[in-house]
$ cat start.pdb   # PDB, C-alpha atoms
ATOM      1  CA  MET A  26     140.084 -89.093  10.983
ATOM      2  CA  SER A  27     142.430 -89.782   8.114
ATOM      3  CA  THR A  28     142.105 -92.376   5.347
ATOM      4  CA  GLN A  29     145.125 -93.327   3.248
ATOM      5  CA  THR A  30     145.543 -95.988   0.584
ATOM      6  CA  PHE A  31     148.805 -97.787  -0.124
ATOM      7  CA  THR A  32     149.650-100.483  -2.664
ATOM      8  CA  VAL A  33     151.387-103.607  -1.378
ATOM      9  CA  THR A  34     153.091-106.078  -3.696
ATOM     10  CA  GLY A  35     153.781-109.769  -3.159
ATOM     11  CA  MET A  36     150.538-110.822  -1.461
ATOM     12  CA  THR A  37     149.082-114.040  -2.865
ATOM     13  CA  CYS A  38     146.650-115.433  -0.285
ATOM     14  CA  GLY A  39     144.525-114.824   2.780
ATOM     15  CA  HIS A  40     147.491-115.420   5.071
ATOM     16  CA  CYS A  41     149.317-112.566   3.315
ATOM     17  CA  VAL A  42     146.333-110.287   3.908
ATOM     18  CA  ALA A  43     146.210-111.279   7.590
ATOM     19  CA  SER A  44     149.934-110.612   8.060
ATOM     20  CA  VAL A  45     149.778-107.147   6.503
ATOM     21  CA  THR A  46     146.585-106.308   8.408
ATOM     22  CA  GLU A  47     148.134-107.369  11.712
ATOM     23  CA  GLU A  48     151.360-105.394  11.284
ATOM     24  CA  VAL A  49     149.727-102.201  10.014
ATOM     25  CA  SER A  50     147.044-102.399  12.733
ATOM     26  CA  GLU A  51     149.786-102.160  15.368
ATOM     27  CA  LEU A  52     150.782 -98.657  14.232
ATOM     28  CA  SER A  53     149.785 -95.902  16.646
ATOM     29  CA  GLY A  54     146.409 -94.340  15.888
ATOM     30  CA  VAL A  55     145.243 -96.974  13.379
ATOM     31  CA  GLU A  56     141.513 -97.620  13.680
ATOM     32  CA  ASN A  57     140.882 -99.882  10.661
ATOM     33  CA  VAL A  58     142.842-101.682   7.941
ATOM     34  CA  ASP A  59     141.147-102.986   4.788
ATOM     35  CA  VAL A  60     143.259-105.090   2.416
ATOM     36  CA  ASP A  61     142.132-105.962  -1.132
ATOM     37  CA  LEU A  62     144.142-109.014  -2.179
ATOM     38  CA  ALA A  63     143.220-108.709  -5.873
ATOM     39  CA  THR A  64     144.545-105.163  -6.276
ATOM     40  CA  GLY A  65     147.043-104.985  -3.405
ATOM     41  CA  ALA A  66     145.285-101.884  -2.092
ATOM     42  CA  VAL A  67     145.605-101.348   1.645
ATOM     43  CA  THR A  68     143.258 -98.682   2.982
ATOM     44  CA  VAL A  69     144.119 -97.450   6.458
ATOM     45  CA  THR A  70     141.845 -95.341   8.634
ATOM     46  CA  SER A  71     143.649 -93.626  11.498
ATOM     47  CA  THR A  72     143.208 -90.802  13.960
ATOM     48  CA  GLU A  73     145.979 -88.814  12.224
ATOM     49  CA  PRO A  74     147.797 -89.208   8.876
ATOM     50  CA  LEU A  75     150.451 -91.919   9.037
ATOM     51  CA  GLU A  76     154.047 -91.449   7.975
ATOM     52  CA  ASP A  77     154.799 -93.413   4.784
ATOM     53  CA  ASP A  78     157.986 -94.731   6.388
ATOM     54  CA  ALA A  79     156.030 -96.184   9.321
ATOM     55  CA  VAL A  80     153.613 -97.958   6.994
ATOM     56  CA  ARG A  81     156.513 -99.168   4.825
ATOM     57  CA  ALA A  82     158.265-100.607   7.901
ATOM     58  CA  ALA A  83     155.097-102.415   9.022
ATOM     59  CA  VAL A  84     154.512-103.871   5.554
ATOM     60  CA  GLU A  85     158.143-104.986   5.307
ATOM     61  CA  GLU A  86     157.895-106.571   8.771
ATOM     62  CA  ALA A  87     155.024-108.640   7.364
ATOM     63  CA  GLY A  88     157.305-109.704   4.489
ATOM     64  CA  TYR A  89     155.957-107.542   1.658
ATOM     65  CA  GLN A  90     156.783-104.277  -0.120
ATOM     66  CA  LEU A  91     154.990-101.019  -0.779
ATOM     67  CA  ALA A  92     154.740-100.360  -4.506
TER      68      ALA A  92
END
$ encode --input "start.pdb" --output "structure tokens"
Amino acid sequence: MSTQTFTVTGMTCGHCVASVTEEVSELSGVENVDVDLATGAVTVTSTEPLEDDAVRAAVEEAGYQLA
């Protein structure tokens, strides 16, 4: 198991959290995604470490940016 934390900017509401959670959850090997709206922290638990570029692409697909 691998746990990584990323910071996402631009989220302002629960819908933002849901969008980021949905897109990141679709990445291969992702078991859990926990998004903290207040801090922008996105903690991802996966079977193997994720490539930063893959996470960045998923976050951008949701309409946000990695810090």
$ resolve_selection --input "start.pdb" --expression "the PyMOL selection byres ((chain A and resi 37-46) around 8)" --output "VMD selection string"
chain A and resid 35 to 36 47 to 50 58 to 62 83 to 84 87 89
$ atom_distance --input "start.pdb" --atom1 "CA of Thr72 in chain A" --atom2 "CA of Asn57 in chain A"
9.9 Å
$ closest_residue --input "start.pdb" --among "A:Val33, A:Ala82, A:Met26, A:Leu52" --to "Thr64 in chain A" --atoms "all atoms listed in the file"
A:Val33
$ atom_distance --input "start.pdb" --atom1 "CA of Ala66 in chain A" --atom2 "CA of Thr30 in chain A"
6.5 Å
$ atom_distance --input "start.pdb" --atom1 "CA of Glu56 in chain A" --atom2 "CA of Asp77 in chain A"
16.5 Å
$ residues_around --input "start.pdb" --residues "Thr32 in chain A" --least-positions-apart "5" --cutoff "9 Å" --atoms "only C-alpha atoms" --output "list of chain:residue names"
A:Thr64, A:Gly65, A:Ala66, A:Val67, A:Thr68, A:Gln90, A:Leu91, A:Ala92
$ axis_aligned_box --input "start.pdb" --around "range 38-49 of chain A" --padding-each-side "3 Å" --output "JSON"
{"center_x": 147.9, "center_y": -108.8, "center_z": 5.7, "size_x": 12.8, "size_y": 19.2, "size_z": 18.0}
$ closest_residue --input "start.pdb" --among "A:Ser53, A:Glu86, A:Ala63, A:Val69" --to "Ser27 in chain A" --atoms "all atoms listed in the file"
A:Val69
$ closest_residue --input "start.pdb" --among "A:Glu85, A:Glu51, A:Val80, A:Ser71" --to "Phe31 in chain A" --atoms "all atoms listed in the file"
A:Val80
$ decode --input "start.pdb" --residues "range 41-89 of chain A" --atoms "N, CA and C atoms" --output "PDB file, in the first residue's frame"
ATOM      1  N   CYS A  41     -16.827  20.522  -5.736  1.00  0.00           N
ATOM      2  CA  CYS A  41     -15.414  20.490  -6.129  1.00  0.00           C
ATOM      3  C   CYS A  41     -14.753  19.235  -5.567  1.00  0.00           C
ATOM      4  N   VAL A  42     -15.005  18.965  -4.299  1.00  0.00           N
ATOM      5  CA  VAL A  42     -14.439  17.794  -3.634  1.00  0.00           C
ATOM      6  C   VAL A  42     -14.893  16.521  -4.352  1.00  0.00           C
ATOM      7  N   ALA A  43     -16.177  16.449  -4.682  1.00  0.00           N
ATOM      8  CA  ALA A  43     -16.718  15.266  -5.358  1.00  0.00           C
ATOM      9  C   ALA A  43     -16.077  15.070  -6.733  1.00  0.00           C
ATOM     10  N   SER A  44     -15.876  16.158  -7.462  1.00  0.00           N
ATOM     11  CA  SER A  44     -15.272  16.065  -8.794  1.00  0.00           C
ATOM     12  C   SER A  44     -13.850  15.546  -8.730  1.00  0.00           C
ATOM     13  N   VAL A  45     -13.058  16.093  -7.809  1.00  0.00           N
ATOM     14  CA  VAL A  45     -11.665  15.660  -7.660  1.00  0.00           C
ATOM     15  C   VAL A  45     -11.623  14.203  -7.193  1.00  0.00           C
ATOM     16  N   THR A  46     -12.462  13.865  -6.227  1.00  0.00           N
ATOM     17  CA  THR A  46     -12.510  12.493  -5.715  1.00  0.00           C
ATOM     18  C   THR A  46     -12.845  11.516  -6.837  1.00  0.00           C
ATOM     19  N   GLU A  47     -13.832  11.847  -7.644  1.00  0.00           N
ATOM     20  CA  GLU A  47     -14.248  10.962  -8.728  1.00  0.00           C
ATOM     21  C   GLU A  47     -13.133  10.731  -9.747  1.00  0.00           C
ATOM     22  N   GLU A  48     -12.487  11.812 -10.174  1.00  0.00           N
ATOM     23  CA  GLU A  48     -11.446  11.680 -11.203  1.00  0.00           C
ATOM     24  C   GLU A  48     -10.221  10.924 -10.683  1.00  0.00           C
ATOM     25  N   VAL A  49      -9.778  11.252  -9.479  1.00  0.00           N
ATOM     26  CA  VAL A  49      -8.596  10.584  -8.934  1.00  0.00           C
ATOM     27  C   VAL A  49      -8.910   9.116  -8.626  1.00  0.00           C
ATOM     28  N   SER A  50     -10.129   8.824  -8.211  1.00  0.00           N
ATOM     29  CA  SER A  50     -10.522   7.446  -7.899  1.00  0.00           C
ATOM     30  C   SER A  50     -10.447   6.540  -9.122  1.00  0.00           C
ATOM     31  N   GLU A  51     -10.558   7.116 -10.311  1.00  0.00           N
ATOM     32  CA  GLU A  51     -10.529   6.326 -11.541  1.00  0.00           C
ATOM     33  C   GLU A  51      -9.124   5.883 -11.940  1.00  0.00           C
ATOM     34  N   LEU A  52      -8.097   6.438 -11.296  1.00  0.00           N
ATOM     35  CA  LEU A  52      -6.727   6.026 -11.615  1.00  0.00           C
ATOM     36  C   LEU A  52      -6.505   4.576 -11.184  1.00  0.00           C
ATOM     37  N   SER A  53      -5.728   3.863 -11.965  1.00  0.00           N
ATOM     38  CA  SER A  53      -5.455   2.450 -11.695  1.00  0.00           C
ATOM     39  C   SER A  53      -4.782   2.267 -10.337  1.00  0.00           C
ATOM     40  N   GLY A  54      -5.320   1.349  -9.542  1.00  0.00           N
ATOM     41  CA  GLY A  54      -4.723   1.000  -8.264  1.00  0.00           C
ATOM     42  C   GLY A  54      -5.200   1.828  -7.082  1.00  0.00           C
ATOM     43  N   VAL A  55      -5.993   2.874  -7.334  1.00  0.00           N
ATOM     44  CA  VAL A  55      -6.450   3.739  -6.236  1.00  0.00           C
ATOM     45  C   VAL A  55      -7.492   3.002  -5.401  1.00  0.00           C
ATOM     46  N   GLU A  56      -7.255   2.977  -4.093  1.00  0.00           N
ATOM     47  CA  GLU A  56      -8.165   2.315  -3.162  1.00  0.00           C
ATOM     48  C   GLU A  56      -9.049   3.327  -2.425  1.00  0.00           C
ATOM     49  N   ASN A  57      -8.483   4.510  -2.105  1.00  0.00           N
ATOM     50  CA  ASN A  57      -9.225   5.502  -1.332  1.00  0.00           C
ATOM     51  C   ASN A  57      -8.707   6.894  -1.651  1.00  0.00           C
ATOM     52  N   VAL A  58      -9.632   7.866  -1.675  1.00  0.00           N
ATOM     53  CA  VAL A  58      -9.271   9.267  -1.879  1.00  0.00           C
ATOM     54  C   VAL A  58      -9.963  10.076  -0.788  1.00  0.00           C
ATOM     55  N   ASP A  59      -9.175  10.852  -0.045  1.00  0.00           N
ATOM     56  CA  ASP A  59      -9.726  11.700   1.017  1.00  0.00           C
ATOM     57  C   ASP A  59      -9.346  13.144   0.700  1.00  0.00           C
ATOM     58  N   VAL A  60     -10.360  13.995   0.510  1.00  0.00           N
ATOM     59  CA  VAL A  60     -10.128  15.388   0.149  1.00  0.00           C
ATOM     60  C   VAL A  60     -10.529  16.284   1.312  1.00  0.00           C
ATOM     61  N   ASP A  61      -9.615  17.176   1.725  1.00  0.00           N
ATOM     62  CA  ASP A  61      -9.896  18.165   2.768  1.00  0.00           C
ATOM     63  C   ASP A  61     -10.091  19.512   2.080  1.00  0.00           C
ATOM     64  N   LEU A  62     -11.337  19.949   1.992  1.00  0.00           N
ATOM     65  CA  LEU A  62     -11.658  21.190   1.287  1.00  0.00           C
ATOM     66  C   LEU A  62     -10.932  22.393   1.885  1.00  0.00           C
ATOM     67  N   ALA A  63     -10.861  22.464   3.208  1.00  0.00           N
ATOM     68  CA  ALA A  63     -10.272  23.625   3.881  1.00  0.00           C
ATOM     69  C   ALA A  63      -8.801  23.831   3.527  1.00  0.00           C
ATOM     70  N   THR A  64      -8.048  22.736   3.423  1.00  0.00           N
ATOM     71  CA  THR A  64      -6.613  22.852   3.173  1.00  0.00           C
ATOM     72  C   THR A  64      -6.231  22.545   1.725  1.00  0.00           C
ATOM     73  N   GLY A  65      -7.141  21.887   0.988  1.00  0.00           N
ATOM     74  CA  GLY A  65      -6.829  21.476  -0.373  1.00  0.00           C
ATOM     75  C   GLY A  65      -6.041  20.188  -0.431  1.00  0.00           C
ATOM     76  N   ALA A  66      -5.835  19.557   0.724  1.00  0.00           N
ATOM     77  CA  ALA A  66      -5.053  18.317   0.764  1.00  0.00           C
ATOM     78  C   ALA A  66      -5.878  17.157   0.209  1.00  0.00           C
ATOM     79  N   VAL A  67      -5.257  16.413  -0.689  1.00  0.00           N
ATOM     80  CA  VAL A  67      -5.876  15.223  -1.262  1.00  0.00           C
ATOM     81  C   VAL A  67      -4.956  14.047  -0.920  1.00  0.00           C
ATOM     82  N   THR A  68      -5.434  13.161  -0.066  1.00  0.00           N
ATOM     83  CA  THR A  68      -4.657  12.010   0.347  1.00  0.00           C
ATOM     84  C   THR A  68      -5.174  10.793  -0.415  1.00  0.00           C
ATOM     85  N   VAL A  69      -4.250  10.146  -1.123  1.00  0.00           N
ATOM     86  CA  VAL A  69      -4.616   9.021  -1.979  1.00  0.00           C
ATOM     87  C   VAL A  69      -3.926   7.760  -1.474  1.00  0.00           C
ATOM     88  N   THR A  70      -4.716   6.723  -1.240  1.00  0.00           N
ATOM     89  CA  THR A  70      -4.181   5.423  -0.875  1.00  0.00           C
ATOM     90  C   THR A  70      -4.329   4.524  -2.100  1.00  0.00           C
ATOM     91  N   SER A  71      -3.215   3.913  -2.495  1.00  0.00           N
ATOM     92  CA  SER A  71      -3.225   3.075  -3.697  1.00  0.00           C
ATOM     93  C   SER A  71      -2.353   1.845  -3.492  1.00  0.00           C
ATOM     94  N   THR A  72      -2.510   0.892  -4.395  1.00  0.00           N
ATOM     95  CA  THR A  72      -1.756  -0.350  -4.282  1.00  0.00           C
ATOM     96  C   THR A  72      -0.277  -0.126  -4.566  1.00  0.00           C
ATOM     97  N   GLU A  73       0.040   0.859  -5.404  1.00  0.00           N
ATOM     98  CA  GLU A  73       1.417   1.223  -5.733  1.00  0.00           C
ATOM     99  C   GLU A  73       1.500   2.747  -5.802  1.00  0.00           C
ATOM    100  N   PRO A  74       2.692   3.332  -5.624  1.00  0.00           N
ATOM    101  CA  PRO A  74       2.812   4.790  -5.753  1.00  0.00           C
ATOM    102  C   PRO A  74       2.317   5.268  -7.125  1.00  0.00           C
ATOM    103  N   LEU A  75       1.614   6.383  -7.112  1.00  0.00           N
ATOM    104  CA  LEU A  75       1.082   6.953  -8.350  1.00  0.00           C
ATOM    105  C   LEU A  75       2.078   7.934  -8.953  1.00  0.00           C
ATOM    106  N   GLU A  76       2.078   8.018 -10.256  1.00  0.00           N
ATOM    107  CA  GLU A  76       2.887   9.011 -10.956  1.00  0.00           C
ATOM    108  C   GLU A  76       2.244  10.387 -10.744  1.00  0.00           C
ATOM    109  N   ASP A  77       3.064  11.392 -10.421  1.00  0.00           N
ATOM    110  CA  ASP A  77       2.537  12.747 -10.232  1.00  0.00           C
ATOM    111  C   ASP A  77       1.787  13.228 -11.468  1.00  0.00           C
ATOM    112  N   ASP A  78       2.300  12.890 -12.652  1.00  0.00           N
ATOM    113  CA  ASP A  78       1.654  13.337 -13.885  1.00  0.00           C
ATOM    114  C   ASP A  78       0.251  12.751 -14.038  1.00  0.00           C
ATOM    115  N   ALA A  79       0.051  11.521 -13.601  1.00  0.00           N
ATOM    116  CA  ALA A  79      -1.262  10.888 -13.681  1.00  0.00           C
ATOM    117  C   ALA A  79      -2.246  11.585 -12.747  1.00  0.00           C
ATOM    118  N   VAL A  80      -1.786  11.897 -11.543  1.00  0.00           N
ATOM    119  CA  VAL A  80      -2.640  12.593 -10.582  1.00  0.00           C
ATOM    120  C   VAL A  80      -2.940  14.000 -11.097  1.00  0.00           C
ATOM    121  N   ARG A  81      -1.924  14.679 -11.626  1.00  0.00           N
ATOM    122  CA  ARG A  81      -2.107  16.023 -12.171  1.00  0.00           C
ATOM    123  C   ARG A  81      -3.159  16.008 -13.288  1.00  0.00           C
ATOM    124  N   ALA A  82      -3.085  15.030 -14.171  1.00  0.00           N
ATOM    125  CA  ALA A  82      -4.039  14.927 -15.281  1.00  0.00           C
ATOM    126  C   ALA A  82      -5.460  14.706 -14.762  1.00  0.00           C
ATOM    127  N   ALA A  83      -5.607  13.867 -13.745  1.00  0.00           N
ATOM    128  CA  ALA A  83      -6.934  13.603 -13.176  1.00  0.00           C
ATOM    129  C   ALA A  83      -7.503  14.859 -12.518  1.00  0.00           C
ATOM    130  N   VAL A  84      -6.662  15.568 -11.778  1.00  0.00           N
ATOM    131  CA  VAL A  84      -7.100  16.797 -11.112  1.00  0.00           C
ATOM    132  C   VAL A  84      -7.482  17.851 -12.146  1.00  0.00           C
ATOM    133  N   GLU A  85      -6.686  17.967 -13.204  1.00  0.00           N
ATOM    134  CA  GLU A  85      -6.993  18.944 -14.253  1.00  0.00           C
ATOM    135  C   GLU A  85      -8.273  18.558 -14.999  1.00  0.00           C
ATOM    136  N   GLU A  86      -8.513  17.275 -15.173  1.00  0.00           N
ATOM    137  CA  GLU A  86      -9.751  16.811 -15.808  1.00  0.00           C
ATOM    138  C   GLU A  86     -10.957  17.255 -14.988  1.00  0.00           C
ATOM    139  N   ALA A  87     -10.792  17.289 -13.652  1.00  0.00           N
ATOM    140  CA  ALA A  87     -11.858  17.737 -12.773  1.00  0.00           C
ATOM    141  C   ALA A  87     -12.000  19.267 -12.780  1.00  0.00           C
ATOM    142  N   GLY A  88     -11.020  19.959 -13.364  1.00  0.00           N
ATOM    143  CA  GLY A  88     -11.104  21.418 -13.473  1.00  0.00           C
ATOM    144  C   GLY A  88     -10.279  22.181 -12.460  1.00  0.00           C
ATOM    145  N   TYR A  89      -9.305  21.513 -11.830  1.00  0.00           N
ATOM    146  CA  TYR A  89      -8.510  22.150 -10.782  1.00  0.00           C
ATOM    147  C   TYR A  89      -7.032  21.957 -11.075  1.00  0.00           C
TER     148      TYR A  89
END
